[in-house]
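Input: a single structure, listed below in structure tokens.
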Amino acid sequence: MPKSPRISPTIAFRAAIGALSAGAVALLIGTGTQAEELNRALNETVLTVTKEGIIFSARLETTVFKPAGDGPFPIVVINHGKSLGYSRHQGRYRPLMAARYFMQRGYVVVVPMRQGFSNSTGNYIDAGCNIESNGREQAKDVRAVLDYVTAQPYADKNKILVLGQSHGGWTTLAFGTLNYPGVKGLVNFAGGLQHDTCGPWTANLVNAARRYGAETTVPSLWFYGDNDSYFGPTTFRLMHEAYASGGARARLVAFGKLGRDAHLMFSSLAGRGIWQPEVNGFLQQLGLPHEVTRPQYANPSFPVPPRTDFASLYTLESVPYVSEKSKAGYAAFLAKDFPRAFALAPNGAWASASGDTDPHKRALDNCNNDGQGACKLYAVDDAVVWAN
């Protein structure tokens with residue numbers, strides 16, 4: 001039986017399974033199914049968009065973050081990646097840090113869950129070894145959601161940016177071939193599809209990128225790092241060269257190494273300083289809004305301590321003041337998506353937080369409820385920041 005394709009897994013989860021006890025892993029899995037409250041400050045709503053098919057229709061779970069007011073607002077679509085395992089078990093994608101960034105500039109942010117993911121109906125279309133077809137099929141779901149959004153009175157259908165991370169970045173590049181009306185540009189964060197069981201998968205990826213570029217008329221901005229666990233420097237440079245070989249306008253930002261895995265740059269706190277200034281310039285180049293007009297959505301500025309050499313992130317025995325309860329809490333922390341933070345105190349108090357632009361501050365505040373004001377951050381994203 002062929003193996004499943006290796007597509008943008010939640011790396012922390014995989015590492016945690018190998019490093020933690022069975023009891024901790026059970027908690028880790030259980031915490032991933034809990035529902036999250038909608039973010040009222042960002043006017044987060046969840047709706048269902050129908051994608052009509054020749055035989056069957058699909059209902060696509062879609063998250064919308066809309067600024068206050070009637071609009072019309074320019075549109076940003078953010079496409080999600082794919083974790084290891086059954087796609088239906090992948091939770092709703094909530095890129096709150098990116099949503100804040102764009103809402104500051106007056107955008108409505110649209111996050112579709114593609115067919116077969118989370119609560120969207122239908123099945124994930126793998127397309128086997130045909131990497132090119134995979135992306136094109138995913139792009140059809142994005143088109144269905146945009147068809148709905150652009151028909152809404154709050155949306156400016158003439159000002160659209162489409163971006164995505166990992167498998168979502170690959171979906172974004174494939175979507176570019178549709179030359180959808182009103183789309184001004186594409187942003188690709190570590191996009192690609194690694195299909196280990198399909199012979200020369202890198203060559204397949206490069207050839208597909210060449211064909212995408214040949215059919216795309218709008219400019220794109222690409223982000224890749226040298227220590228990307230899926231698409232290393234040779235691979236992403238070949239992809240970029242192939243994509244641009246037919247005249248496609250694509251600028252590559254090769255930002256070197258970042259943390260333990262550059263593949264996670266888009267969602268990490270450290271990555272903000274890399275992508276946000278570049279995207280700001282890209283928006284200006286495209287003639288799209290790029291200046292902050294709504295400071296109420298501004299990113300919190302709570303400082304993050306630098307990485308230390310205190311211990312490996314996955315060495316449970318090195319976590320100070322650890323108890324059985326805090327072991328389970330740290331296991332749950334390692335399963336959370338970026339951005340995330342874990343704090344603890346000498347009296348055994350601890351707390352973790354994730355899913356927003358200031359989890360480090362929230363982890364400290366929650367920890368200090370029982371920690372008598374003595375809590376310190378132990379880990380942020382994939383870095384141990386503890387110092388004795």
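Chain labels run A, B, ... following the order of the structure tokens; each chain numbers its residues from 1, and ligands are numbered from 1 in the order shown.
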
task = Determine, counting only C-alpha atoms, which protein, DNA and RNA residues have an atom within 10 Å of an atom of Ser326 of chain A; residues of the same chain fewer than 6 positions away are not included. Present the result as an MDAnalysis selection string.
result = chainID A and resid 319:320 332 344 348:351

inquiry  = Let's see if you can do this: from backbone DSSP, list all helix (DSSP H, G or I) residues in segment 63-196 of chain A, as a PyMOL selection string.
reply    = chain A and resi 87-89+96-104+131-149+167-176

Residues of segment 280-362 of chain A that approach segment 367-377 of chain A to 10 Å or less, counting only C-alpha atoms: could you list each one with the shortest pair of atoms and its distance in Å to one decimal, rows by chain and increasing residue number, as a tab-separated table?
```
residue	atom	partner	partner_atom	distance
A:Val304	CA	A:Leu377	CA	8.9
A:Pro305	CA	A:Leu377	CA	8.1
A:Ala341	CA	A:Leu377	CA	7.2
A:Phe342	CA	A:Leu377	CA	5.9
A:Ala343	CA	A:Leu377	CA	4.2
A:Leu344	CA	A:Cys375	CA	5.1
A:Ala345	CA	A:Cys375	CA	4.2
A:Pro346	CA	A:Ala374	CA	7.2
A:Asn347	CA	A:Gly371	CA	6.5
A:Gly348	CA	A:Gly371	CA	7.5
A:Ala349	CA	A:Gly371	CA	5.1
A:Trp350	CA	A:Cys367	CA	5.0
A:Ala351	CA	A:Cys367	CA	4.8
A:Ser352	CA	A:Cys367	CA	8.0
A:His360	CA	A:Leu377	CA	7.2
A:Lys361	CA	A:Leu377	CA	9.1
A:Arg362	CA	A:Cys367	CA	8.3
```

request  = Within segment 285-348 of chain A, find each residue whose DSSP state, derived from the backbone, is strand (DSSP E or B), and express the selection as a PyMOL selection string.
outcome  = chain A and resi 340-344

Residue with smallest distance to Val183 of chain A - pool A:Leu286, A:Leu313, A:Tyr101, A:Ala144, counting only C-alpha atoms = A:Leu286

task = Take atom CA of Thr121 of chain A and atom CA of Leu173 of chain A and report the distance between them in Å, one decimal.
result = 23.5 Å

For segment 226-239 of chain A, work out the shell of residues within 10 Å, counting only C-alpha atoms and skipping chain neighbours fewer than 5 positions away, then give it as a PDB file with N, CA, C and O atoms, in the first residue's frame.
```pdb
ATOM      1  N   ARG A   6       3.773  13.424   1.911  1.00  0.00           N
ATOM      2  CA  ARG A   6       4.258  14.194   3.048  1.00  0.00           C
ATOM      3  C   ARG A   6       3.989  15.665   2.763  1.00  0.00           C
ATOM      4  O   ARG A   6       4.733  16.330   2.069  1.00  0.00           O
ATOM      5  N   ILE A   7       2.886  16.160   3.298  1.00  0.00           N
ATOM      6  CA  ILE A   7       2.450  17.507   2.984  1.00  0.00           C
ATOM      7  C   ILE A   7       2.311  18.309   4.268  1.00  0.00           C
ATOM      8  O   ILE A   7       1.463  18.026   5.097  1.00  0.00           O
ATOM      9  N   SER A   8       3.147  19.290   4.453  1.00  0.00           N
ATOM     10  CA  SER A   8       3.081  20.256   5.555  1.00  0.00           C
ATOM     11  C   SER A   8       2.467  19.714   6.833  1.00  0.00           C
ATOM     12  O   SER A   8       1.391  20.103   7.236  1.00  0.00           O
ATOM     13  N   PRO A   9       3.106  18.799   7.543  1.00  0.00           N
ATOM     14  CA  PRO A   9       2.554  18.309   8.792  1.00  0.00           C
ATOM     15  C   PRO A   9       2.762  19.298   9.923  1.00  0.00           C
ATOM     16  O   PRO A   9       3.564  20.203   9.827  1.00  0.00           O
ATOM     17  N   ILE A  11       4.665  19.839  12.626  1.00  0.00           N
ATOM     18  CA  ILE A  11       5.932  19.207  12.993  1.00  0.00           C
ATOM     19  C   ILE A  11       6.056  19.035  14.499  1.00  0.00           C
ATOM     20  O   ILE A  11       6.563  18.028  14.988  1.00  0.00           O
ATOM     21  N   SER A 166       2.494  26.660   2.679  1.00  0.00           N
ATOM     22  CA  SER A 166       2.742  25.249   2.432  1.00  0.00           C
ATOM     23  C   SER A 166       1.811  24.720   1.340  1.00  0.00           C
ATOM     24  O   SER A 166       1.829  25.213   0.218  1.00  0.00           O
ATOM     25  N   ALA A 190       6.347  29.271   1.421  1.00  0.00           N
ATOM     26  CA  ALA A 190       6.857  27.886   1.478  1.00  0.00           C
ATOM     27  C   ALA A 190       5.922  26.908   0.799  1.00  0.00           C
ATOM     28  O   ALA A 190       5.696  25.801   1.292  1.00  0.00           O
ATOM     29  N   GLY A 191       5.376  27.301  -0.350  1.00  0.00           N
ATOM     30  CA  GLY A 191       4.412  26.466  -1.037  1.00  0.00           C
ATOM     31  C   GLY A 191       5.040  25.260  -1.718  1.00  0.00           C
ATOM     32  O   GLY A 191       6.181  25.307  -2.177  1.00  0.00           O
ATOM     33  N   GLY A 192       4.287  24.185  -1.785  1.00  0.00           N
ATOM     34  CA  GLY A 192       4.747  22.992  -2.475  1.00  0.00           C
ATOM     35  C   GLY A 192       3.971  21.769  -2.043  1.00  0.00           C
ATOM     36  O   GLY A 192       3.049  21.837  -1.224  1.00  0.00           O
ATOM     37  N   LEU A 193       4.363  20.650  -2.624  1.00  0.00           N
ATOM     38  CA  LEU A 193       3.724  19.372  -2.336  1.00  0.00           C
ATOM     39  C   LEU A 193       4.784  18.294  -2.459  1.00  0.00           C
ATOM     40  O   LEU A 193       5.354  18.099  -3.538  1.00  0.00           O
ATOM     41  N   GLN A 194       5.094  17.631  -1.367  1.00  0.00           N
ATOM     42  CA  GLN A 194       6.114  16.587  -1.372  1.00  0.00           C
ATOM     43  C   GLN A 194       5.427  15.233  -1.377  1.00  0.00           C
ATOM     44  O   GLN A 194       4.791  14.843  -0.417  1.00  0.00           O
ATOM     45  N   THR A 202      10.601  15.944  -6.811  1.00  0.00           N
ATOM     46  CA  THR A 202      11.105  17.306  -6.981  1.00  0.00           C
ATOM     47  C   THR A 202      10.962  17.756  -8.429  1.00  0.00           C
ATOM     48  O   THR A 202      10.547  18.889  -8.712  1.00  0.00           O
ATOM     49  N   ALA A 203      11.294  16.869  -9.367  1.00  0.00           N
ATOM     50  CA  ALA A 203      11.146  17.200 -10.781  1.00  0.00           C
ATOM     51  C   ALA A 203       9.683  17.439 -11.131  1.00  0.00           C
ATOM     52  O   ALA A 203       9.349  18.355 -11.906  1.00  0.00           O
ATOM     53  N   ASN A 204       8.791  16.629 -10.551  1.00  0.00           N
ATOM     54  CA  ASN A 204       7.365  16.835 -10.780  1.00  0.00           C
ATOM     55  C   ASN A 204       6.921  18.211 -10.289  1.00  0.00           C
ATOM     56  O   ASN A 204       6.128  18.907 -10.935  1.00  0.00           O
ATOM     57  N   LEU A 205       7.434  18.596  -9.119  1.00  0.00           N
ATOM     58  CA  LEU A 205       7.094  19.884  -8.525  1.00  0.00           C
ATOM     59  C   LEU A 205       7.590  21.029  -9.410  1.00  0.00           C
ATOM     60  O   LEU A 205       6.859  21.994  -9.680  1.00  0.00           O
ATOM     61  N   VAL A 206       8.822  20.921  -9.856  1.00  0.00           N
ATOM     62  CA  VAL A 206       9.415  21.970 -10.696  1.00  0.00           C
ATOM     63  C   VAL A 206       8.659  22.092 -12.023  1.00  0.00           C
ATOM     64  O   VAL A 206       8.345  23.194 -12.485  1.00  0.00           O
ATOM     65  N   ASN A 207       8.344  20.967 -12.644  1.00  0.00           N
ATOM     66  CA  ASN A 207       7.622  20.998 -13.922  1.00  0.00           C
ATOM     67  C   ASN A 207       6.225  21.583 -13.771  1.00  0.00           C
ATOM     68  O   ASN A 207       5.747  22.332 -14.632  1.00  0.00           O
ATOM     69  N   ALA A 208       5.568  21.257 -12.656  1.00  0.00           N
ATOM     70  CA  ALA A 208       4.246  21.821 -12.411  1.00  0.00           C
ATOM     71  C   ALA A 208       4.340  23.329 -12.192  1.00  0.00           C
ATOM     72  O   ALA A 208       3.498  24.091 -12.684  1.00  0.00           O
ATOM     73  N   ALA A 209       5.362  23.764 -11.458  1.00  0.00           N
ATOM     74  CA  ALA A 209       5.554  25.199 -11.235  1.00  0.00           C
ATOM     75  C   ALA A 209       5.777  25.916 -12.569  1.00  0.00           C
ATOM     76  O   ALA A 209       5.269  27.032 -12.778  1.00  0.00           O
ATOM     77  N   ARG A 210       6.503  25.295 -13.478  1.00  0.00           N
ATOM     78  CA  ARG A 210       6.729  25.893 -14.798  1.00  0.00           C
ATOM     79  C   ARG A 210       5.403  26.100 -15.534  1.00  0.00           C
ATOM     80  O   ARG A 210       5.166  27.158 -16.134  1.00  0.00           O
ATOM     81  N   GLY A 213       3.374  28.954 -13.908  1.00  0.00           N
ATOM     82  CA  GLY A 213       3.899  30.269 -14.261  1.00  0.00           C
ATOM     83  C   GLY A 213       3.540  30.679 -15.673  1.00  0.00           C
ATOM     84  O   GLY A 213       3.268  31.859 -15.942  1.00  0.00           O
ATOM     85  N   ALA A 244       9.234  31.274 -13.300  1.00  0.00           N
ATOM     86  CA  ALA A 244       9.500  32.556 -13.959  1.00  0.00           C
ATOM     87  C   ALA A 244      10.034  32.397 -15.379  1.00  0.00           C
ATOM     88  O   ALA A 244      10.152  33.399 -16.092  1.00  0.00           O
ATOM     89  N   SER A 245      10.336  31.181 -15.794  1.00  0.00           N
ATOM     90  CA  SER A 245      11.018  30.966 -17.081  1.00  0.00           C
ATOM     91  C   SER A 245      10.185  31.406 -18.279  1.00  0.00           C
ATOM     92  O   SER A 245      10.727  31.746 -19.337  1.00  0.00           O
ATOM     93  N   LEU A 252      11.495  36.233  -5.374  1.00  0.00           N
ATOM     94  CA  LEU A 252      11.816  35.285  -4.313  1.00  0.00           C
ATOM     95  C   LEU A 252      12.500  35.994  -3.158  1.00  0.00           C
ATOM     96  O   LEU A 252      13.510  36.680  -3.350  1.00  0.00           O
ATOM     97  N   ALA A 254      14.462  34.787  -0.234  1.00  0.00           N
ATOM     98  CA  ALA A 254      15.138  33.661   0.407  1.00  0.00           C
ATOM     99  C   ALA A 254      15.760  34.193   1.691  1.00  0.00           C
ATOM    100  O   ALA A 254      16.818  34.826   1.657  1.00  0.00           O
ATOM    101  N   PHE A 255      15.117  33.953   2.818  1.00  0.00           N
ATOM    102  CA  PHE A 255      15.472  34.641   4.063  1.00  0.00           C
ATOM    103  C   PHE A 255      16.455  33.871   4.938  1.00  0.00           C
ATOM    104  O   PHE A 255      16.705  34.255   6.080  1.00  0.00           O
ATOM    105  N   GLY A 256      17.036  32.792   4.413  1.00  0.00           N
ATOM    106  CA  GLY A 256      18.027  32.049   5.190  1.00  0.00           C
ATOM    107  C   GLY A 256      17.383  31.142   6.221  1.00  0.00           C
ATOM    108  O   GLY A 256      16.286  30.644   6.018  1.00  0.00           O
ATOM    109  N   LYS A 257      18.048  30.952   7.335  1.00  0.00           N
ATOM    110  CA  LYS A 257      17.545  30.058   8.370  1.00  0.00           C
ATOM    111  C   LYS A 257      16.659  30.809   9.347  1.00  0.00           C
ATOM    112  O   LYS A 257      16.892  31.984   9.647  1.00  0.00           O
ATOM    113  N   LEU A 258      15.653  30.095   9.873  1.00  0.00           N
ATOM    114  CA  LEU A 258      14.790  30.658  10.907  1.00  0.00           C
ATOM    115  C   LEU A 258      14.371  29.554  11.857  1.00  0.00           C
ATOM    116  O   LEU A 258      13.719  28.582  11.454  1.00  0.00           O
ATOM    117  N   GLY A 259      14.735  29.694  13.127  1.00  0.00           N
ATOM    118  CA  GLY A 259      14.353  28.720  14.129  1.00  0.00           C
ATOM    119  C   GLY A 259      14.778  27.315  13.765  1.00  0.00           C
ATOM    120  O   GLY A 259      15.814  27.091  13.125  1.00  0.00           O
ATOM    121  N   ARG A 260      13.967  26.345  14.151  1.00  0.00           N
ATOM    122  CA  ARG A 260      14.261  24.951  13.850  1.00  0.00           C
ATOM    123  C   ARG A 260      13.750  24.541  12.473  1.00  0.00           C
ATOM    124  O   ARG A 260      14.205  23.533  11.927  1.00  0.00           O
ATOM    125  N   ASP A 261      12.821  25.300  11.926  1.00  0.00           N
ATOM    126  CA  ASP A 261      12.232  24.923  10.641  1.00  0.00           C
ATOM    127  C   ASP A 261      11.639  26.164   9.984  1.00  0.00           C
ATOM    128  O   ASP A 261      10.610  26.682  10.415  1.00  0.00           O
ATOM    129  N   ALA A 262      12.271  26.632   8.932  1.00  0.00           N
ATOM    130  CA  ALA A 262      11.809  27.829   8.227  1.00  0.00           C
ATOM    131  C   ALA A 262      10.454  27.620   7.567  1.00  0.00           C
ATOM    132  O   ALA A 262       9.803  28.593   7.175  1.00  0.00           O
ATOM    133  N   HIS A 263      10.027  26.369   7.451  1.00  0.00           N
ATOM    134  CA  HIS A 263       8.724  26.082   6.844  1.00  0.00           C
ATOM    135  C   HIS A 263       7.591  26.738   7.628  1.00  0.00           C
ATOM    136  O   HIS A 263       6.517  26.991   7.083  1.00  0.00           O
ATOM    137  N   LEU A 264       7.830  27.031   8.903  1.00  0.00           N
ATOM    138  CA  LEU A 264       6.799  27.558   9.784  1.00  0.00           C
ATOM    139  C   LEU A 264       6.871  29.071   9.944  1.00  0.00           C
ATOM    140  O   LEU A 264       6.229  29.633  10.832  1.00  0.00           O
ATOM    141  N   MET A 265       7.639  29.739   9.098  1.00  0.00           N
ATOM    142  CA  MET A 265       7.876  31.168   9.260  1.00  0.00           C
ATOM    143  C   MET A 265       6.606  32.007   9.316  1.00  0.00           C
ATOM    144  O   MET A 265       6.462  32.902  10.147  1.00  0.00           O
TER     145      MET A 265
END
```

key: Polymer residues at most 9 Å from Thr45 of chain A, only C-alpha atoms, same-chain spacing of 5 or more positions, as an MDAnalysis selection string   = chainID A and resid 38:40 62:66

query = Near segment 70-81 of chain A, counting only C-alpha atoms, which residues have an atom at most 6 Å away, once you skip same-chain residues fewer than 3 positions from it, shown as a list in words?
reply =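 Once the adjacent positions are removed, what remains is Tyr107, Val108, Val109, Val110, Val111, Tyr154, Ala155, Asp156, Lys159, Ile160, Leu161, Val162, Leu163, Gly164, Gln165, Ser166, His167 and Gly168 of chain A.
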
Same residues, C-alpha atoms, output as a CSV table (one decimal), in the first residue's frame:
```
chain,number,residue,atom,x,y,z
A,107,TYR,CA,-9.0,44.4,4.4
A,108,VAL,CA,-11.7,41.7,4.9
A,109,VAL,CA,-9.9,38.4,5.4
A,110,VAL,CA,-11.3,35.2,4.0
A,111,VAL,CA,-10.0,31.8,5.1
A,154,TYR,CA,-18.9,44.6,1.9
A,155,ALA,CA,-16.4,43.3,-0.6
A,156,ASP,CA,-14.4,45.2,-3.2
A,159,LYS,CA,-9.0,44.6,-5.1
A,160,ILE,CA,-8.0,41.0,-4.2
A,161,LEU,CA,-4.8,39.4,-2.8
A,162,VAL,CA,-4.5,35.6,-2.5
A,163,LEU,CA,-1.9,34.0,-0.3
A,164,GLY,CA,-1.2,30.7,1.3
A,165,GLN,CA,1.3,28.7,3.4
A,166,SER,CA,2.7,25.2,2.4
A,167,HIS,CA,0.0,23.3,0.6
A,168,GLY,CA,-1.9,26.5,0.7
```
